[in-house]
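Engineer: Let me begin by handing over the structure; questions about it come next.
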Amino acid sequence: MTVVREDFREILRLVRPGSRVLDVGCGGGELLELLTHEKDIDGRGVEISPQGVSACLARGLAVMQGDADRDLEQFPTGAFDYAILSQTLQATRNPRQVLGELMRIADRAVVSFPNFGHWRVRWSLLRHGRMPETRSLPEPWWSTPNIHLCTLADFNALVDDLDLRIEASVALAEGRAARAIDPGKAIENWRAEAALFLLGRRDGPVEPDGPPGDLFGA
């Protein structure tokens, strides 16, 4: 049985059927394939590695080889309903520019990333005085692709700076169901191992029924 990543489950809840979706940093296409089968999306992918592009093509997916830092400008404004950046923001060279581009080319962005403010990270730094290795950050500092790690508080500040609106947010942890959070609460900056956000523009339309499913729920 195929194990579906918890952030993929939440993205599946968020994306409305038949939507136009761009998955940036799509890897081997697992999420795009899931969304295509479950939500009948019109999906496209951008992936920097030739191996990932080949895997996507083998799945019959539409994908281009490209770099999120350089190639998103090729897409027209408003070309997609959703732009997805799953566990990739921290690996980009210019996260602010990338997030701005996502919100230019899509009505909404779905972004997930490991939280460098999680208590395990803080404890590891306090105890060992070295860059942490945790479940969400498993590689040593000298080989990790993560070059712009951030905390929930950092991400909230970036969202405000870009004048965006957080429409939904959840905390993610390996082996546990996603948990709806208020990302503005300081306690969540300690508790959330990783987080996923649904973003919209402040001046953009608000979906009358809120995001699908019970993501931001009760």
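Labels for the structure tokens follow display order: chains A, B, ..., residues from 1 in each chain, ligands from 1.
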Fewer than 2 positions away in the same chain doesn't count, so skip those; otherwise give me all residues within 7 Å of A:Ile48, counting only C-alpha atoms, as a CSV table (one decimal) with C-alpha atoms, in the first residue's frame.

Structural biologist:
```csv
chain,number,residue,atom,x,y,z
A,25,GLY,CA,9.5,21.5,-7.2
A,46,VAL,CA,8.2,22.5,-12.5
A,50,PRO,CA,16.5,15.6,-14.7
A,65,GLN,CA,12.6,21.3,-16.2
A,66,GLY,CA,13.1,24.6,-14.4
A,67,ASP,CA,14.4,26.5,-11.4
```

Engineer: Give me the residues near A:Phe197 as a VMD selection string, where near means some atom within 12 Å (using only C-alpha atoms) and where sequence neighbours in that chain fewer than 6 positions away do not count.

Structural biologist: chain A and resid 7 10 to 11 14 83 to 87 89 99 108 to 114 152 155 to 156 159 164 to 172 178 to 183 211 215 to 216

Engineer: Quick one: write out the picked residues with N, CA and C atoms as a CSV table (one decimal), in the first residue's frame?

Structural biologist:
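Done, and the output landed in selection.csv:
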```
chain,number,residue,atom,x,y,z
A,7,ASP,N,1.3,16.1,4.3
A,7,ASP,CA,1.1,17.4,3.7
A,7,ASP,C,0.4,17.2,2.3
A,10,GLU,N,-3.3,17.0,3.1
A,10,GLU,CA,-4.0,18.3,3.3
A,10,GLU,C,-4.1,19.1,2.0
A,11,ILE,N,-3.1,19.0,1.1
A,11,ILE,CA,-3.2,19.7,-0.1
A,11,ILE,C,-4.4,19.1,-0.9
A,14,LEU,N,-7.5,20.7,0.2
A,14,LEU,CA,-7.6,22.2,-0.2
A,14,LEU,C,-8.0,22.4,-1.6
A,83,ALA,N,-1.0,27.5,-6.9
A,83,ALA,CA,0.5,27.2,-7.1
A,83,ALA,C,0.9,26.5,-5.8
A,84,ILE,N,1.6,25.4,-5.9
A,84,ILE,CA,2.0,24.6,-4.7
A,84,ILE,C,3.5,24.6,-4.6
A,85,LEU,N,4.0,24.8,-3.4
A,85,LEU,CA,5.4,24.8,-3.1
A,85,LEU,C,5.5,23.9,-1.8
A,86,SER,N,5.7,22.6,-2.0
A,86,SER,CA,5.6,21.7,-0.9
A,86,SER,C,7.0,21.3,-0.4
A,87,GLN,N,7.4,21.8,0.8
A,87,GLN,CA,8.8,21.4,1.3
A,87,GLN,C,9.9,21.9,0.4
A,89,LEU,N,10.3,25.8,-0.2
A,89,LEU,CA,10.6,27.2,0.0
A,89,LEU,C,12.0,27.4,0.6
A,99,LEU,N,7.8,33.4,-3.5
A,99,LEU,CA,6.5,33.5,-3.0
A,99,LEU,C,5.7,34.6,-3.7
A,108,ARG,N,-4.2,31.4,-5.5
A,108,ARG,CA,-3.8,31.0,-4.2
A,108,ARG,C,-2.6,30.2,-4.2
A,109,ALA,N,-1.8,30.2,-3.1
A,109,ALA,CA,-0.6,29.4,-3.0
A,109,ALA,C,-0.7,28.5,-1.8
A,110,VAL,N,-0.2,27.3,-2.0
A,110,VAL,CA,-0.1,26.3,-0.9
A,110,VAL,C,1.3,26.1,-0.6
A,111,VAL,N,1.8,26.4,0.6
A,111,VAL,CA,3.2,26.4,0.9
A,111,VAL,C,3.4,25.6,2.2
A,112,SER,N,4.3,24.6,2.2
A,112,SER,CA,4.7,23.9,3.4
A,112,SER,C,6.2,23.9,3.6
A,113,PHE,N,6.6,23.9,4.8
A,113,PHE,CA,8.1,24.0,5.1
A,113,PHE,C,8.3,23.5,6.6
A,114,PRO,N,9.6,23.0,6.8
A,114,PRO,CA,9.9,22.7,8.2
A,114,PRO,C,10.1,23.9,9.1
A,152,LEU,N,7.9,29.8,12.1
A,152,LEU,CA,6.6,30.2,11.7
A,152,LEU,C,6.5,31.8,11.9
A,155,PHE,N,7.9,33.3,8.8
A,155,PHE,CA,7.0,33.2,7.6
A,155,PHE,C,5.8,34.1,7.7
A,156,ASN,N,5.3,34.3,8.9
A,156,ASN,CA,4.2,35.2,9.1
A,156,ASN,C,4.6,36.6,8.8
A,159,VAL,N,4.7,37.0,5.0
A,159,VAL,CA,3.3,37.0,4.5
A,159,VAL,C,2.8,38.5,4.6
A,164,LEU,N,-0.2,39.5,2.0
A,164,LEU,CA,-1.0,38.4,1.7
A,164,LEU,C,-1.9,38.0,2.8
A,165,ARG,N,-2.8,37.1,2.6
A,165,ARG,CA,-3.8,36.7,3.6
A,165,ARG,C,-3.6,35.2,3.8
A,166,ILE,N,-3.5,34.8,5.1
A,166,ILE,CA,-3.5,33.4,5.4
A,166,ILE,C,-4.9,32.9,5.5
A,167,GLU,N,-5.3,32.0,4.7
A,167,GLU,CA,-6.7,31.5,4.6
A,167,GLU,C,-6.9,30.2,5.4
A,168,ALA,N,-5.8,29.5,5.6
A,168,ALA,CA,-5.8,28.2,6.4
A,168,ALA,C,-4.4,27.9,6.8
A,169,SER,N,-4.2,27.2,7.9
A,169,SER,CA,-2.9,26.7,8.3
A,169,SER,C,-3.0,25.5,9.2
A,170,VAL,N,-2.0,24.6,9.0
A,170,VAL,CA,-2.0,23.4,9.9
A,170,VAL,C,-0.6,23.1,10.3
A,171,ALA,N,-0.4,22.5,11.4
A,171,ALA,CA,0.9,21.9,11.9
A,171,ALA,C,1.0,20.5,11.4
A,172,LEU,N,2.2,20.1,11.0
A,172,LEU,CA,2.4,18.8,10.5
A,172,LEU,C,3.5,18.1,11.3
A,178,ALA,N,-2.6,16.0,10.6
A,178,ALA,CA,-2.4,17.4,10.6
A,178,ALA,C,-3.4,18.1,11.7
A,179,ARG,N,-2.9,19.2,12.2
A,179,ARG,CA,-3.7,19.9,13.3
A,179,ARG,C,-3.8,21.3,12.9
A,180,ALA,N,-5.1,21.8,12.8
A,180,ALA,CA,-5.3,23.2,12.5
A,180,ALA,C,-4.7,24.1,13.6
A,181,ILE,N,-4.1,25.2,13.2
A,181,ILE,CA,-3.5,26.1,14.1
A,181,ILE,C,-3.8,27.6,13.8
A,182,ASP,N,-3.6,28.4,14.8
A,182,ASP,CA,-3.5,29.8,14.6
A,182,ASP,C,-2.0,30.2,14.6
A,183,PRO,N,-1.5,30.5,13.4
A,183,PRO,CA,0.0,30.6,13.3
A,183,PRO,C,0.5,31.9,14.0
A,211,PRO,N,-12.1,27.2,2.7
A,211,PRO,CA,-11.4,26.2,2.0
A,211,PRO,C,-12.2,24.9,2.2
A,215,LEU,N,-10.0,21.7,7.0
A,215,LEU,CA,-8.6,22.0,7.3
A,215,LEU,C,-8.4,23.1,8.4
A,216,PHE,N,-9.2,24.1,8.3
A,216,PHE,CA,-9.0,25.2,9.2
A,216,PHE,C,-10.1,25.1,10.3
```

Engineer: Can you tell me, as number ranges by chain, which residues in stretch 33-110 of chain A count as alpha helix (DSSP H) by DSSP?

Structural biologist: A: 33-39, 50-58, 68-71, 95-105

Engineer: Could the residues in this selection be saved with N, CA and C atoms as an mmCIF file, in the first residue's frame?

Structural biologist:
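Produced file out.cif, reproduced below:
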```
data_model
loop_
_atom_site.group_PDB
_atom_site.id
_atom_site.type_symbol
_atom_site.label_atom_id
_atom_site.label_comp_id
_atom_site.auth_asym_id
_atom_site.auth_seq_id
_atom_site.Cartn_x
_atom_site.Cartn_y
_atom_site.Cartn_z
ATOM 1 N N GLU A 33 0.236 13.475 -9.530
ATOM 2 C CA GLU A 33 -0.509 12.274 -9.915
ATOM 3 C C GLU A 33 -1.695 12.056 -8.986
ATOM 4 N N LEU A 34 -1.491 12.261 -7.699
ATOM 5 C CA LEU A 34 -2.571 12.109 -6.718
ATOM 6 C C LEU A 34 -3.699 13.105 -6.997
ATOM 7 N N LEU A 35 -3.345 14.358 -7.233
ATOM 8 C CA LEU A 35 -4.354 15.383 -7.506
ATOM 9 C C LEU A 35 -5.086 15.113 -8.822
ATOM 10 N N THR A 36 -4.359 14.604 -9.801
ATOM 11 C CA THR A 36 -4.982 14.296 -11.087
ATOM 12 C C THR A 36 -6.020 13.190 -10.943
ATOM 13 N N HIS A 37 -5.673 12.146 -10.203
ATOM 14 C CA HIS A 37 -6.576 11.016 -10.039
ATOM 15 C C HIS A 37 -7.744 11.340 -9.114
ATOM 16 N N GLU A 38 -7.469 12.075 -8.021
ATOM 17 C CA GLU A 38 -8.498 12.307 -7.011
ATOM 18 C C GLU A 38 -9.339 13.559 -7.262
ATOM 19 N N LYS A 39 -8.751 14.580 -7.882
ATOM 20 C CA LYS A 39 -9.448 15.853 -8.062
ATOM 21 C C LYS A 39 -9.611 16.280 -9.513
ATOM 22 N N PRO A 50 16.821 16.454 -13.513
ATOM 23 C CA PRO A 50 16.461 15.630 -14.673
ATOM 24 C C PRO A 50 15.795 14.319 -14.260
ATOM 25 N N GLN A 51 16.234 13.748 -13.135
ATOM 26 C CA GLN A 51 15.635 12.489 -12.674
ATOM 27 C C GLN A 51 14.163 12.683 -12.319
ATOM 28 N N GLY A 52 13.860 13.797 -11.659
ATOM 29 C CA GLY A 52 12.472 14.090 -11.317
ATOM 30 C C GLY A 52 11.620 14.307 -12.547
ATOM 31 N N VAL A 53 12.149 15.044 -13.514
ATOM 32 C CA VAL A 53 11.417 15.285 -14.766
ATOM 33 C C VAL A 53 11.129 13.959 -15.471
ATOM 34 N N SER A 54 12.123 13.090 -15.527
ATOM 35 C CA SER A 54 11.933 11.781 -16.177
ATOM 36 C C SER A 54 10.866 10.967 -15.459
ATOM 37 N N ALA A 55 10.871 11.001 -14.130
ATOM 38 C CA ALA A 55 9.869 10.258 -13.368
ATOM 39 C C ALA A 55 8.470 10.799 -13.628
ATOM 40 N N CYS A 56 8.346 12.120 -13.732
ATOM 41 C CA CYS A 56 7.047 12.726 -14.028
ATOM 42 C C CYS A 56 6.548 12.322 -15.403
ATOM 43 N N LEU A 57 7.439 12.362 -16.383
ATOM 44 C CA LEU A 57 7.053 11.996 -17.743
ATOM 45 C C LEU A 57 6.635 10.533 -17.813
ATOM 46 N N ALA A 58 7.309 9.687 -17.026
ATOM 47 C CA ALA A 58 6.942 8.271 -16.988
ATOM 48 C C ALA A 58 5.543 8.073 -16.412
ATOM 49 N N ALA A 68 12.835 27.277 -9.631
ATOM 50 C CA ALA A 68 11.833 28.177 -9.051
ATOM 51 C C ALA A 68 12.366 29.596 -8.919
ATOM 52 N N ASP A 69 13.655 29.764 -8.702
ATOM 53 C CA ASP A 69 14.233 31.097 -8.542
ATOM 54 C C ASP A 69 14.334 31.872 -9.850
ATOM 55 N N ARG A 70 14.333 31.174 -10.988
ATOM 56 C CA ARG A 70 14.577 31.856 -12.261
ATOM 57 C C ARG A 70 13.443 31.733 -13.268
ATOM 58 N N ASP A 71 12.683 30.656 -13.213
ATOM 59 C CA ASP A 71 11.822 30.323 -14.342
ATOM 60 C C ASP A 71 10.331 30.568 -14.137
ATOM 61 N N PRO A 95 13.470 33.272 -1.295
ATOM 62 C CA PRO A 95 12.109 32.863 -0.940
ATOM 63 C C PRO A 95 11.066 33.964 -1.133
ATOM 64 N N ARG A 96 11.423 35.213 -0.833
ATOM 65 C CA ARG A 96 10.457 36.309 -0.979
ATOM 66 C C ARG A 96 10.038 36.465 -2.431
ATOM 67 N N GLN A 97 10.993 36.434 -3.325
ATOM 68 C CA GLN A 97 10.685 36.563 -4.749
ATOM 69 C C GLN A 97 9.857 35.377 -5.237
ATOM 70 N N VAL A 98 10.212 34.179 -4.816
ATOM 71 C CA VAL A 98 9.490 32.985 -5.245
ATOM 72 C C VAL A 98 8.039 33.033 -4.770
ATOM 73 N N LEU A 99 7.823 33.403 -3.513
ATOM 74 C CA LEU A 99 6.463 33.480 -2.997
ATOM 75 C C LEU A 99 5.667 34.554 -3.726
ATOM 76 N N GLY A 100 6.307 35.682 -4.013
ATOM 77 C CA GLY A 100 5.634 36.720 -4.784
ATOM 78 C C GLY A 100 5.236 36.249 -6.171
ATOM 79 N N GLU A 101 6.105 35.475 -6.812
ATOM 80 C CA GLU A 101 5.794 34.942 -8.134
ATOM 81 C C GLU A 101 4.645 33.941 -8.081
ATOM 82 N N LEU A 102 4.614 33.106 -7.032
ATOM 83 C CA LEU A 102 3.508 32.162 -6.889
ATOM 84 C C LEU A 102 2.174 32.898 -6.841
ATOM 85 N N MET A 103 2.138 34.013 -6.088
ATOM 86 C CA MET A 103 0.895 34.756 -5.940
ATOM 87 C C MET A 103 0.581 35.617 -7.160
ATOM 88 N N ARG A 104 1.546 35.802 -8.031
ATOM 89 C CA ARG A 104 1.269 36.485 -9.298
ATOM 90 C C ARG A 104 0.610 35.550 -10.294
ATOM 91 N N ILE A 105 1.099 34.311 -10.352
ATOM 92 C CA ILE A 105 0.627 33.401 -11.393
ATOM 93 C C ILE A 105 -0.579 32.582 -10.968
#
```

Engineer: Between atom CA of A:Arg5 and atom CA of A:Trp190, what is the spacing in Å?

Structural biologist: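 Distance between the two atoms: 22.1 Å.
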